[in-house]
Protein chains: 4
Amino acid sequence: MSDKKAILVIGAGDATGGAIARRFAREGYVACVTRRSADKLEPLVAQIRAEGGEAHGFGSDARKEEEMVSLVERIEREIAPIEVAVFNIGANVRFGITDTTARVYYKVWEMACFSGFLMGREAARVMLPRGRGTIIFTGATASLRGREGFAAFAGAKHALRALAQSMARELWPKGIHVAHPVIDGAIDTEWIRENFPQRYALKESGGIVNPEHIADLYWQIHKQPRDAWTHETELRPWMEPW
Amino acid sequence: MSDKKAILVIGAGDATGGAIARRFAREGYVACVTRRSADKLEPLVAQIRAEGGEAHGFGSDARKEEEMVSLVERIEREIAPIEVAVFNIGANVRFGITDTTARVYYKVWEMACFSGFLMGREAARVMLPRGRGTIIFTGATASLRGREGFAAFAGAKHALRALAQSMARELWPKGIHVAHPVIDGAIDTEWIRENFPQRYALKESGGIVNPEHIADLYWQIHKQPRDAWTHETELRPWMEPW
Amino acid sequence: MSDKKAILVIGAGDATGGAIARRFAREGYVACVTRRSADKLEPLVAQIRAEGGEAHGFGSDARKEEEMVSLVERIEREIAPIEVAVFNIGANVRFGITDTTARVYYKVWEMACFSGFLMGREAARVMLPRGRGTIIFTGATASLRGREGFAAFAGAKHALRALAQSMARELWPKGIHVAHPVIDGAIDTEWIRENFPQRYALKESGGIVNPEHIADLYWQIHKQPRDAWTHETELRPWMEPW
Amino acid sequence: MSDKKAILVIGAGDATGGAIARRFAREGYVACVTRRSADKLEPLVAQIRAEGGEAHGFGSDARKEEEMVSLVERIEREIAPIEVAVFNIGANVRFGITDTTARVYYKVWEMACFSGFLMGREAARVMLPRGRGTIIFTGATASLRGREGFAAFAGAKHALRALAQSMARELWPKGIHVAHPVIDGAIDTEWIRENFPQRYALKESGGIVNPEHIADLYWQIHKQPRDAWTHETELRPWMEPW
């Protein structure tokens, strides 16, 4: 397998996850990207290859333990050691408390937190013997405080932050850099464009986060020498009130 | 049903939950206490009755939606309106990240967080039409930060805190007081006595939290007039380092 | 001097400080209250005496080290041991950063923070040999985060919080209870009535904090047994957004 | 004055401040560095020039308003517009509360906070008309929490953080990027080498922060496009417990 190195991006959607995969691919990493449906990954994989990089798309349900375990094993065995693992699945829903069904509350946690636990644990498992690696969990404002209508989403994001902190304190001294960047504010996605057109109109003046700039931050975190590691940091547009 | 008022305590163990139930019973509230097994509630119910209070024990699995729904309905219909609901189930386990099974991670969340969501939602449902009530979720140090070995427990407690915050911001303006006291430090329980005898030896000098004093805090929170409500507060022994 | 016990309230204005002094006086404490000008204290002292309590007013500039030192010495020598010391001076001004003069920046810190340091230190000095006492610093929202226009005020309040935390960690294990309640939201004062009439109109429905309820909280904190001490807590009206 | 751009570093000591100045000088910025005594700046200025950069040393007492005002005016008039201003003065002292003199408490605040206010305000003044610029205040662990013995130092650092937050909320929407990186852990300085030799022995294995890596972070913050700005971030060695 020579000296190839892989980045695993769980939740490589059109925006953030995709930009991160492309960024690391440009730096020579083999991009292993996942979504629930492999079909939707094809444009991203094609784009990375067109840019001269190596990419592999995996249809994989991140909430299923056996799928996560076999995904990580397969990449390690067939492609390259996973040097970087990025968890990037959100599940931003909004319901008043009495309208939040048990099913929604569970599903949001399963998607935005439990999947992250599975990825984090499996990444740690293969990185620990090498004493090296970077694990990044994407945070949001809801990671830091609850808000009306966000009992489910903020719960999942808070729990993911607790996971990142607990893993950092355990794994940093073993050489694994666990980080939790908090992205605060609208990101340039199809979804924002369609649902928040007024907001989207601020794109030209820097009111919407460009996923490429999130990718830059993740790259910087990964490149930090071990005497100067960041665990939590934050990113928001200049005009975002906070 | 006259003018009786009930307190529901989910997780009325030997220590904190039991002390809270007794305290409110002494103030005239009907104590409705739950544990998974009704048998274990008998001494508590007997004690409250011996002190002249009214108490009812319910064997109920707080993780089961239908059980929580019917429990709340039954108390409201047969006993008294629930003026106060207290969630007091913990699940303090400690495992390194690679030793944390998916089952443990899920079970800890289900017990220490999902059950709290069910109680909070059902309590809100019956309190909202009355525009009044108190809902208290018991927090711990793990509610505020992760630590090596606490990915599962801190995750559940963080998510519970997000629930409490989200509910407070939604329900305070509707007259319902949601609070999240954080108890930091060993509580005087059977479990501490057996497992941490050195710690327990500090009891006489105030090194271990007396559950009665937690109950005092919960009573004070419940009695706060609505111009002066506390959401988060903290309690620890004078000699607890923090 | 028999078994009398004193409470020292630095900054006993018409609202919070005065209410605290009256509350503790009703509980049997000798209220020693200060303001820069002794004249303005007369109504408060008269009211406490009319309610059957003992009170002494001191015109004292809390920013002057020698005045604070001699004030504490004099109370201890002539009146009673100081069991409780409360720092309650604010200095809520608002200026954009380029309009904040060096004089304003310094004066706000001197009044709202440096005075608190002087009181805290002198109170600690007399309490340490007794291994007992309560020191409370009144916090505000600006203690927790900065905001446009609040560089000076938030700076002073943040520094006061750091003082309270540092003193708590040093003095709790020596038996002195240091606490930092954060009062968030408008308090029922002359100033709010005159300057924010719309806000003041919410008083009847509980939209403005009643100083008596702050006094209740301070009394509860002081009465906590040492196995269950609160350091930071918060209080706000039910309709206060946060 | 062509298109030169200046960075002002207040407190350009041997370690962090000097490394930042050199880094920005390598990127083409004119380094304007200050310390109380100009003599001590000579090696830094010489080093920057030897590396092909432009540097100017200023003996200037950052605590004196008139000196800060005239320093900023002079740089703007004679050298280049200040695009970046970095405040880097600490004052890490440790005293128990009753051993903290009023003079120490004041001096620590004056040096580590009031100077920062003066720099921040004067930098804002010249940047506002240009609608552009970066202002960075160096934080420490004491910016986030108080600790036994750190009433004075934590007070100054907390107040500096409040300044950074207040300025960010006011100035971000006006195009000025205000940031507050928190450096947690020992930095590679003469002082650590002499006073904490055991700690210093960890340097080879990454246990001590290399000032060059702090400089990298500051450069990255300055280069962030305005849709993706960081306000607070943190940096610590991989083996630093937190």
# chains A, B, ... in the order shown; residues from 1 in each chain; ligands from 1
$ residues_around --residues "Glu27 of chain B" --least-positions-apart "4" --cutoff "12 Å" --atoms "only C-alpha atoms" --output "list in words"
Lys4, Lys5, Ala6, Ile7, Ile20, Ala21, Arg22, Arg23, Ala31, Ile48, Glu51, Gly52, Gly53, Glu54, Ala215, Asp216, Trp219, Gln220, His222 and Lys223 of chain B
$ interface_residues --of "chain B" --to "chain D" --cutoff "12 Å" --atoms "only C-alpha atoms" --output "ChimeraX atom specification"
/B:145-148,241-242
$ atom_distance --atom1 "atom CA of His158 of chain D" --atom2 "atom CA of Arg236 of chain A"
22.6 Å
$ atom_distance --atom1 "atom CA of Tyr106 of chain A" --atom2 "atom CA of Met68 of chain A"
19.2 Å
$ select_by_dssp --residues "segment 13-194 of chain A" --states "strand (DSSP E or B)" --output "ChimeraX atom specification"
/A:30-35,55-59,82-87,133-137,139-140,176-183,187
$ select_by_dssp --residues "segment 82-152 of chain B" --states "helix (DSSP H, G or I)" --output "PDB file with N, CA, C and O atoms, in the first residue's frame"
ATOM      1  N   ILE B  97     -12.687   4.780  25.495  1.00  0.00           N
ATOM      2  CA  ILE B  97     -13.499   4.901  24.281  1.00  0.00           C
ATOM      3  C   ILE B  97     -13.567   3.591  23.506  1.00  0.00           C
ATOM      4  O   ILE B  97     -14.644   3.189  23.052  1.00  0.00           O
ATOM      5  N   THR B  98     -12.448   2.888  23.365  1.00  0.00           N
ATOM      6  CA  THR B  98     -12.508   1.658  22.556  1.00  0.00           C
ATOM      7  C   THR B  98     -13.172   0.508  23.308  1.00  0.00           C
ATOM      8  O   THR B  98     -13.505  -0.516  22.711  1.00  0.00           O
ATOM      9  N   ASP B  99     -13.370   0.675  24.608  1.00  0.00           N
ATOM     10  CA  ASP B  99     -14.086  -0.342  25.380  1.00  0.00           C
ATOM     11  C   ASP B  99     -15.568  -0.004  25.556  1.00  0.00           C
ATOM     12  O   ASP B  99     -16.289  -0.725  26.253  1.00  0.00           O
ATOM     13  N   ALA B 102     -21.448  -0.227  21.678  1.00  0.00           N
ATOM     14  CA  ALA B 102     -22.596   0.523  21.163  1.00  0.00           C
ATOM     15  C   ALA B 102     -23.783   0.361  22.097  1.00  0.00           C
ATOM     16  O   ALA B 102     -24.552   1.301  22.322  1.00  0.00           O
ATOM     17  N   ARG B 103     -23.893  -0.834  22.663  1.00  0.00           N
ATOM     18  CA  ARG B 103     -24.996  -1.088  23.580  1.00  0.00           C
ATOM     19  C   ARG B 103     -24.898  -0.211  24.825  1.00  0.00           C
ATOM     20  O   ARG B 103     -25.881   0.399  25.247  1.00  0.00           O
ATOM     21  N   VAL B 104     -23.721  -0.136  25.421  1.00  0.00           N
ATOM     22  CA  VAL B 104     -23.539   0.718  26.603  1.00  0.00           C
ATOM     23  C   VAL B 104     -23.813   2.173  26.243  1.00  0.00           C
ATOM     24  O   VAL B 104     -24.518   2.886  26.964  1.00  0.00           O
ATOM     25  N   TYR B 105     -23.241   2.616  25.121  1.00  0.00           N
ATOM     26  CA  TYR B 105     -23.416   4.030  24.739  1.00  0.00           C
ATOM     27  C   TYR B 105     -24.897   4.360  24.596  1.00  0.00           C
ATOM     28  O   TYR B 105     -25.364   5.404  25.069  1.00  0.00           O
ATOM     29  N   TYR B 106     -25.635   3.458  23.967  1.00  0.00           N
ATOM     30  CA  TYR B 106     -27.064   3.685  23.777  1.00  0.00           C
ATOM     31  C   TYR B 106     -27.839   3.606  25.090  1.00  0.00           C
ATOM     32  O   TYR B 106     -28.700   4.446  25.384  1.00  0.00           O
ATOM     33  N   LYS B 107     -27.526   2.593  25.899  1.00  0.00           N
ATOM     34  CA  LYS B 107     -28.275   2.367  27.144  1.00  0.00           C
ATOM     35  C   LYS B 107     -28.109   3.546  28.118  1.00  0.00           C
ATOM     36  O   LYS B 107     -29.061   3.937  28.807  1.00  0.00           O
ATOM     37  N   VAL B 108     -26.914   4.063  28.193  1.00  0.00           N
ATOM     38  CA  VAL B 108     -26.661   5.188  29.098  1.00  0.00           C
ATOM     39  C   VAL B 108     -27.468   6.396  28.656  1.00  0.00           C
ATOM     40  O   VAL B 108     -28.090   7.090  29.461  1.00  0.00           O
ATOM     41  N   TRP B 109     -27.470   6.657  27.355  1.00  0.00           N
ATOM     42  CA  TRP B 109     -28.271   7.774  26.829  1.00  0.00           C
ATOM     43  C   TRP B 109     -29.761   7.544  27.073  1.00  0.00           C
ATOM     44  O   TRP B 109     -30.486   8.449  27.494  1.00  0.00           O
ATOM     45  N   GLU B 110     -30.214   6.333  26.822  1.00  0.00           N
ATOM     46  CA  GLU B 110     -31.639   6.025  26.972  1.00  0.00           C
ATOM     47  C   GLU B 110     -32.107   6.251  28.411  1.00  0.00           C
ATOM     48  O   GLU B 110     -33.164   6.830  28.663  1.00  0.00           O
ATOM     49  N   MET B 111     -31.256   5.827  29.345  1.00  0.00           N
ATOM     50  CA  MET B 111     -31.642   5.905  30.745  1.00  0.00           C
ATOM     51  C   MET B 111     -31.515   7.326  31.286  1.00  0.00           C
ATOM     52  O   MET B 111     -32.436   7.851  31.916  1.00  0.00           O
ATOM     53  N   ALA B 112     -30.378   7.975  31.004  1.00  0.00           N
ATOM     54  CA  ALA B 112     -30.085   9.253  31.651  1.00  0.00           C
ATOM     55  C   ALA B 112     -30.554  10.457  30.852  1.00  0.00           C
ATOM     56  O   ALA B 112     -30.542  11.573  31.368  1.00  0.00           O
ATOM     57  N   CYS B 113     -30.961  10.250  29.604  1.00  0.00           N
ATOM     58  CA  CYS B 113     -31.391  11.387  28.793  1.00  0.00           C
ATOM     59  C   CYS B 113     -32.762  11.179  28.155  1.00  0.00           C
ATOM     60  O   CYS B 113     -33.661  11.993  28.338  1.00  0.00           O
ATOM     61  N   PHE B 114     -32.933  10.091  27.422  1.00  0.00           N
ATOM     62  CA  PHE B 114     -34.204   9.874  26.721  1.00  0.00           C
ATOM     63  C   PHE B 114     -35.367   9.821  27.713  1.00  0.00           C
ATOM     64  O   PHE B 114     -36.438  10.401  27.470  1.00  0.00           O
ATOM     65  N   SER B 115     -35.179   9.144  28.850  1.00  0.00           N
ATOM     66  CA  SER B 115     -36.221   9.103  29.880  1.00  0.00           C
ATOM     67  C   SER B 115     -36.566  10.511  30.351  1.00  0.00           C
ATOM     68  O   SER B 115     -37.723  10.814  30.638  1.00  0.00           O
ATOM     69  N   GLY B 116     -35.546  11.349  30.455  1.00  0.00           N
ATOM     70  CA  GLY B 116     -35.763  12.731  30.885  1.00  0.00           C
ATOM     71  C   GLY B 116     -36.585  13.502  29.872  1.00  0.00           C
ATOM     72  O   GLY B 116     -37.455  14.311  30.230  1.00  0.00           O
ATOM     73  N   PHE B 117     -36.293  13.247  28.600  1.00  0.00           N
ATOM     74  CA  PHE B 117     -37.099  13.872  27.537  1.00  0.00           C
ATOM     75  C   PHE B 117     -38.562  13.466  27.675  1.00  0.00           C
ATOM     76  O   PHE B 117     -39.470  14.305  27.606  1.00  0.00           O
ATOM     77  N   LEU B 118     -38.798  12.157  27.873  1.00  0.00           N
ATOM     78  CA  LEU B 118     -40.189  11.680  27.987  1.00  0.00           C
ATOM     79  C   LEU B 118     -40.890  12.338  29.171  1.00  0.00           C
ATOM     80  O   LEU B 118     -42.012  12.819  29.057  1.00  0.00           O
ATOM     81  N   MET B 119     -40.201  12.376  30.315  1.00  0.00           N
ATOM     82  CA  MET B 119     -40.833  12.998  31.481  1.00  0.00           C
ATOM     83  C   MET B 119     -41.080  14.482  31.233  1.00  0.00           C
ATOM     84  O   MET B 119     -42.164  15.002  31.516  1.00  0.00           O
ATOM     85  N   GLY B 120     -40.057  15.159  30.693  1.00  0.00           N
ATOM     86  CA  GLY B 120     -40.186  16.599  30.467  1.00  0.00           C
ATOM     87  C   GLY B 120     -41.338  16.922  29.534  1.00  0.00           C
ATOM     88  O   GLY B 120     -42.125  17.839  29.785  1.00  0.00           O
ATOM     89  N   ARG B 121     -41.442  16.164  28.454  1.00  0.00           N
ATOM     90  CA  ARG B 121     -42.495  16.433  27.481  1.00  0.00           C
ATOM     91  C   ARG B 121     -43.876  16.172  28.067  1.00  0.00           C
ATOM     92  O   ARG B 121     -44.793  16.988  27.913  1.00  0.00           O
ATOM     93  N   GLU B 122     -44.021  15.047  28.763  1.00  0.00           N
ATOM     94  CA  GLU B 122     -45.340  14.731  29.331  1.00  0.00           C
ATOM     95  C   GLU B 122     -45.719  15.700  30.443  1.00  0.00           C
ATOM     96  O   GLU B 122     -46.893  16.073  30.575  1.00  0.00           O
ATOM     97  N   ALA B 123     -44.742  16.123  31.216  1.00  0.00           N
ATOM     98  CA  ALA B 123     -45.034  17.112  32.263  1.00  0.00           C
ATOM     99  C   ALA B 123     -45.458  18.433  31.616  1.00  0.00           C
ATOM    100  O   ALA B 123     -46.431  19.062  32.037  1.00  0.00           O
ATOM    101  N   ALA B 124     -44.714  18.837  30.570  1.00  0.00           N
ATOM    102  CA  ALA B 124     -45.069  20.080  29.880  1.00  0.00           C
ATOM    103  C   ALA B 124     -46.496  20.008  29.338  1.00  0.00           C
ATOM    104  O   ALA B 124     -47.259  20.968  29.403  1.00  0.00           O
ATOM    105  N   ARG B 125     -46.849  18.852  28.796  1.00  0.00           N
ATOM    106  CA  ARG B 125     -48.157  18.678  28.195  1.00  0.00           C
ATOM    107  C   ARG B 125     -49.295  18.977  29.203  1.00  0.00           C
ATOM    108  O   ARG B 125     -50.258  19.652  28.858  1.00  0.00           O
ATOM    109  N   VAL B 126     -49.155  18.490  30.416  1.00  0.00           N
ATOM    110  CA  VAL B 126     -50.238  18.722  31.386  1.00  0.00           C
ATOM    111  C   VAL B 126     -50.103  20.082  32.080  1.00  0.00           C
ATOM    112  O   VAL B 126     -51.095  20.643  32.548  1.00  0.00           O
ATOM    113  N   MET B 127     -48.886  20.629  32.130  1.00  0.00           N
ATOM    114  CA  MET B 127     -48.717  21.916  32.802  1.00  0.00           C
ATOM    115  C   MET B 127     -49.109  23.092  31.905  1.00  0.00           C
ATOM    116  O   MET B 127     -49.586  24.118  32.396  1.00  0.00           O
ATOM    117  N   LEU B 128     -48.884  22.962  30.599  1.00  0.00           N
ATOM    118  CA  LEU B 128     -49.110  24.101  29.695  1.00  0.00           C
ATOM    119  C   LEU B 128     -50.532  24.670  29.785  1.00  0.00           C
ATOM    120  O   LEU B 128     -50.677  25.896  29.889  1.00  0.00           O
ATOM    121  N   PRO B 129     -51.565  23.827  29.762  1.00  0.00           N
ATOM    122  CA  PRO B 129     -52.914  24.404  29.861  1.00  0.00           C
ATOM    123  C   PRO B 129     -53.141  25.151  31.179  1.00  0.00           C
ATOM    124  O   PRO B 129     -53.953  26.065  31.239  1.00  0.00           O
ATOM    125  N   ARG B 130     -52.388  24.758  32.226  1.00  0.00           N
ATOM    126  CA  ARG B 130     -52.547  25.437  33.516  1.00  0.00           C
ATOM    127  C   ARG B 130     -51.651  26.668  33.606  1.00  0.00           C
ATOM    128  O   ARG B 130     -51.780  27.474  34.523  1.00  0.00           O
ATOM    129  N   THR B 141     -21.454  17.135  37.262  1.00  0.00           N
ATOM    130  CA  THR B 141     -20.276  17.728  36.642  1.00  0.00           C
ATOM    131  C   THR B 141     -20.167  17.312  35.183  1.00  0.00           C
ATOM    132  O   THR B 141     -19.781  18.113  34.327  1.00  0.00           O
ATOM    133  N   ALA B 142     -20.525  16.073  34.895  1.00  0.00           N
ATOM    134  CA  ALA B 142     -20.450  15.573  33.524  1.00  0.00           C
ATOM    135  C   ALA B 142     -21.420  16.295  32.596  1.00  0.00           C
ATOM    136  O   ALA B 142     -21.336  16.150  31.374  1.00  0.00           O
ATOM    137  N   SER B 143     -22.340  17.064  33.153  1.00  0.00           N
ATOM    138  CA  SER B 143     -23.228  17.890  32.309  1.00  0.00           C
ATOM    139  C   SER B 143     -22.461  19.033  31.669  1.00  0.00           C
ATOM    140  O   SER B 143     -22.887  19.591  30.659  1.00  0.00           O
ATOM    141  N   ALA B 151     -17.312   9.312  27.866  1.00  0.00           N
ATOM    142  CA  ALA B 151     -17.971   9.663  26.603  1.00  0.00           C
ATOM    143  C   ALA B 151     -19.467   9.395  26.676  1.00  0.00           C
ATOM    144  O   ALA B 151     -20.287  10.236  26.290  1.00  0.00           O
ATOM    145  N   ALA B 152     -19.857   8.228  27.206  1.00  0.00           N
ATOM    146  CA  ALA B 152     -21.280   7.870  27.245  1.00  0.00           C
ATOM    147  C   ALA B 152     -22.029   8.691  28.299  1.00  0.00           C
ATOM    148  O   ALA B 152     -23.056   9.303  28.013  1.00  0.00           O
TER     149      ALA B 152
END
$ residues_around --residues "segment 224-227 of chain C" --least-positions-apart "2" --cutoff "6 Å" --atoms "only C-alpha atoms" --output "JSON, numbers by chain"
{"B": [206, 207, 208, 209, 237, 238], "C": [221, 222, 229]}
$ write_last_selection --atoms "all heavy atoms" --output "short mmCIF file (atom, residue, chain, number, x, y, z; two decimals), in the first residue's frame"
data_model
loop_
_atom_site.label_atom_id
_atom_site.label_comp_id
_atom_site.auth_asym_id
_atom_site.auth_seq_id
_atom_site.Cartn_x
_atom_site.Cartn_y
_atom_site.Cartn_z
N GLY B 206 -18.37 17.13 56.41
CA GLY B 206 -19.06 17.84 55.33
C GLY B 206 -18.47 17.61 53.95
O GLY B 206 -18.66 18.42 53.05
N GLY B 207 -17.80 16.50 53.75
CA GLY B 207 -17.18 16.23 52.46
C GLY B 207 -18.09 15.48 51.50
O GLY B 207 -17.70 15.21 50.36
N ILE B 208 -19.28 15.15 51.94
CA ILE B 208 -20.22 14.40 51.11
C ILE B 208 -21.58 15.08 51.17
O ILE B 208 -22.04 15.47 52.24
CB ILE B 208 -20.33 12.94 51.66
CG1 ILE B 208 -18.99 12.23 51.43
CG2 ILE B 208 -21.48 12.21 50.99
CD1 ILE B 208 -19.08 10.75 51.54
N VAL B 209 -22.18 15.26 50.01
CA VAL B 209 -23.45 15.99 49.98
C VAL B 209 -24.57 15.19 50.63
O VAL B 209 -24.82 14.04 50.25
CB VAL B 209 -23.86 16.34 48.53
CG1 VAL B 209 -25.11 17.23 48.55
CG2 VAL B 209 -22.74 17.05 47.78
N PRO B 237 -19.68 20.10 47.97
CA PRO B 237 -19.14 20.22 49.34
C PRO B 237 -18.01 21.27 49.39
O PRO B 237 -17.32 21.48 48.39
CB PRO B 237 -18.58 18.83 49.64
CG PRO B 237 -19.23 17.91 48.67
CD PRO B 237 -19.46 18.74 47.44
N TRP B 238 -17.89 21.88 50.54
CA TRP B 238 -16.87 22.92 50.72
C TRP B 238 -15.47 22.44 50.40
O TRP B 238 -14.63 23.22 49.97
CB TRP B 238 -16.92 23.44 52.18
CG TRP B 238 -16.50 22.44 53.22
CD1 TRP B 238 -16.96 21.16 53.37
CD2 TRP B 238 -15.52 22.63 54.24
NE1 TRP B 238 -16.34 20.55 54.43
CE2 TRP B 238 -15.46 21.43 54.99
CE3 TRP B 238 -14.70 23.68 54.62
CZ2 TRP B 238 -14.60 21.27 56.09
CZ3 TRP B 238 -13.86 23.53 55.70
CH2 TRP B 238 -13.80 22.32 56.43
N ILE C 221 -28.24 31.22 50.35
CA ILE C 221 -26.83 30.89 50.13
C ILE C 221 -26.08 30.90 51.46
O ILE C 221 -25.32 29.99 51.78
CB ILE C 221 -26.19 31.87 49.12
CG1 ILE C 221 -26.74 31.60 47.71
CG2 ILE C 221 -24.67 31.77 49.15
CD1 ILE C 221 -26.33 32.64 46.68
N HIS C 222 -26.32 31.95 52.23
CA HIS C 222 -25.63 32.05 53.52
C HIS C 222 -25.97 30.88 54.45
O HIS C 222 -25.13 30.42 55.22
CB HIS C 222 -25.97 33.38 54.18
CG HIS C 222 -25.42 33.49 55.58
ND1 HIS C 222 -24.08 33.34 55.87
CD2 HIS C 222 -26.04 33.70 56.78
CE1 HIS C 222 -23.89 33.48 57.18
NE2 HIS C 222 -25.06 33.69 57.75
N TRP C 229 -22.66 23.67 49.21
CA TRP C 229 -22.48 25.09 48.93
C TRP C 229 -22.65 25.38 47.44
O TRP C 229 -22.21 24.61 46.58
CB TRP C 229 -21.09 25.55 49.36
CG TRP C 229 -20.97 25.86 50.82
CD1 TRP C 229 -21.94 25.81 51.77
CD2 TRP C 229 -19.77 26.28 51.51
NE1 TRP C 229 -21.44 26.17 53.00
CE2 TRP C 229 -20.11 26.47 52.87
CE3 TRP C 229 -18.45 26.52 51.13
CZ2 TRP C 229 -19.17 26.88 53.83
CZ3 TRP C 229 -17.52 26.93 52.07
CH2 TRP C 229 -17.88 27.11 53.41
#
$ residues_around --residues "Gly57 of chain A" --least-positions-apart "2" --cutoff "12 Å" --atoms "only C-alpha atoms" --output "ChimeraX atom specification"
/A:7-13,18,21,30-49,54-55,59-60,71,75,79
$ atom_distance --atom1 "atom CA of Thr233 of chain C" --atom2 "atom CA of His231 of chain B"
8.2 Å
$ residues_around --residues "segment 175-182 of chain A" --least-positions-apart "6" --cutoff "6 Å" --atoms "only C-alpha atoms" --output "compact mmCIF listing (two decimals) with N, CA and C atoms, in the first residue's frame"
# COMPACT_ATOMS: atom_id res chain seq x y z
N GLY A 131 -0.29 5.48 17.18
CA GLY A 131 0.04 6.63 18.02
C GLY A 131 -0.07 7.94 17.29
N ARG A 132 -1.02 8.03 16.36
CA ARG A 132 -1.06 9.21 15.49
C ARG A 132 -2.40 9.24 14.75
N GLY A 133 -2.85 10.44 14.41
CA GLY A 133 -4.10 10.58 13.68
C GLY A 133 -4.87 11.80 14.13
N THR A 134 -5.85 12.20 13.32
CA THR A 134 -6.69 13.36 13.64
C THR A 134 -8.15 12.97 13.50
N ILE A 135 -8.93 13.30 14.52
CA ILE A 135 -10.37 13.02 14.49
C ILE A 135 -11.11 14.33 14.74
N ILE A 136 -11.95 14.73 13.79
CA ILE A 136 -12.64 16.02 13.91
C ILE A 136 -14.15 15.81 13.86
N PHE A 137 -14.83 16.37 14.86
CA PHE A 137 -16.29 16.36 14.91
C PHE A 137 -16.78 17.78 14.63
N THR A 138 -17.67 17.93 13.67
CA THR A 138 -18.18 19.26 13.34
C THR A 138 -19.26 19.68 14.33
N GLY A 139 -19.04 20.82 14.98
CA GLY A 139 -20.00 21.36 15.93
C GLY A 139 -20.80 22.51 15.34
N ALA A 140 -21.80 22.93 16.08
CA ALA A 140 -22.66 24.03 15.65
C ALA A 140 -23.01 24.86 16.89
N ALA A 168 -10.79 13.57 23.48
CA ALA A 168 -9.58 14.38 23.46
C ALA A 168 -8.74 14.14 24.71
N HIS A 231 -8.33 22.23 20.44
CA HIS A 231 -9.47 21.33 20.59
C HIS A 231 -10.74 22.00 20.07
N GLU A 232 -11.10 23.12 20.69
CA GLU A 232 -12.33 23.78 20.24
C GLU A 232 -11.99 25.13 19.62
N THR A 233 -12.64 25.44 18.53
CA THR A 233 -12.49 26.74 17.91
C THR A 233 -13.84 27.07 17.29
N GLU A 234 -13.96 28.23 16.70
CA GLU A 234 -15.26 28.64 16.16
C GLU A 234 -15.08 29.45 14.90
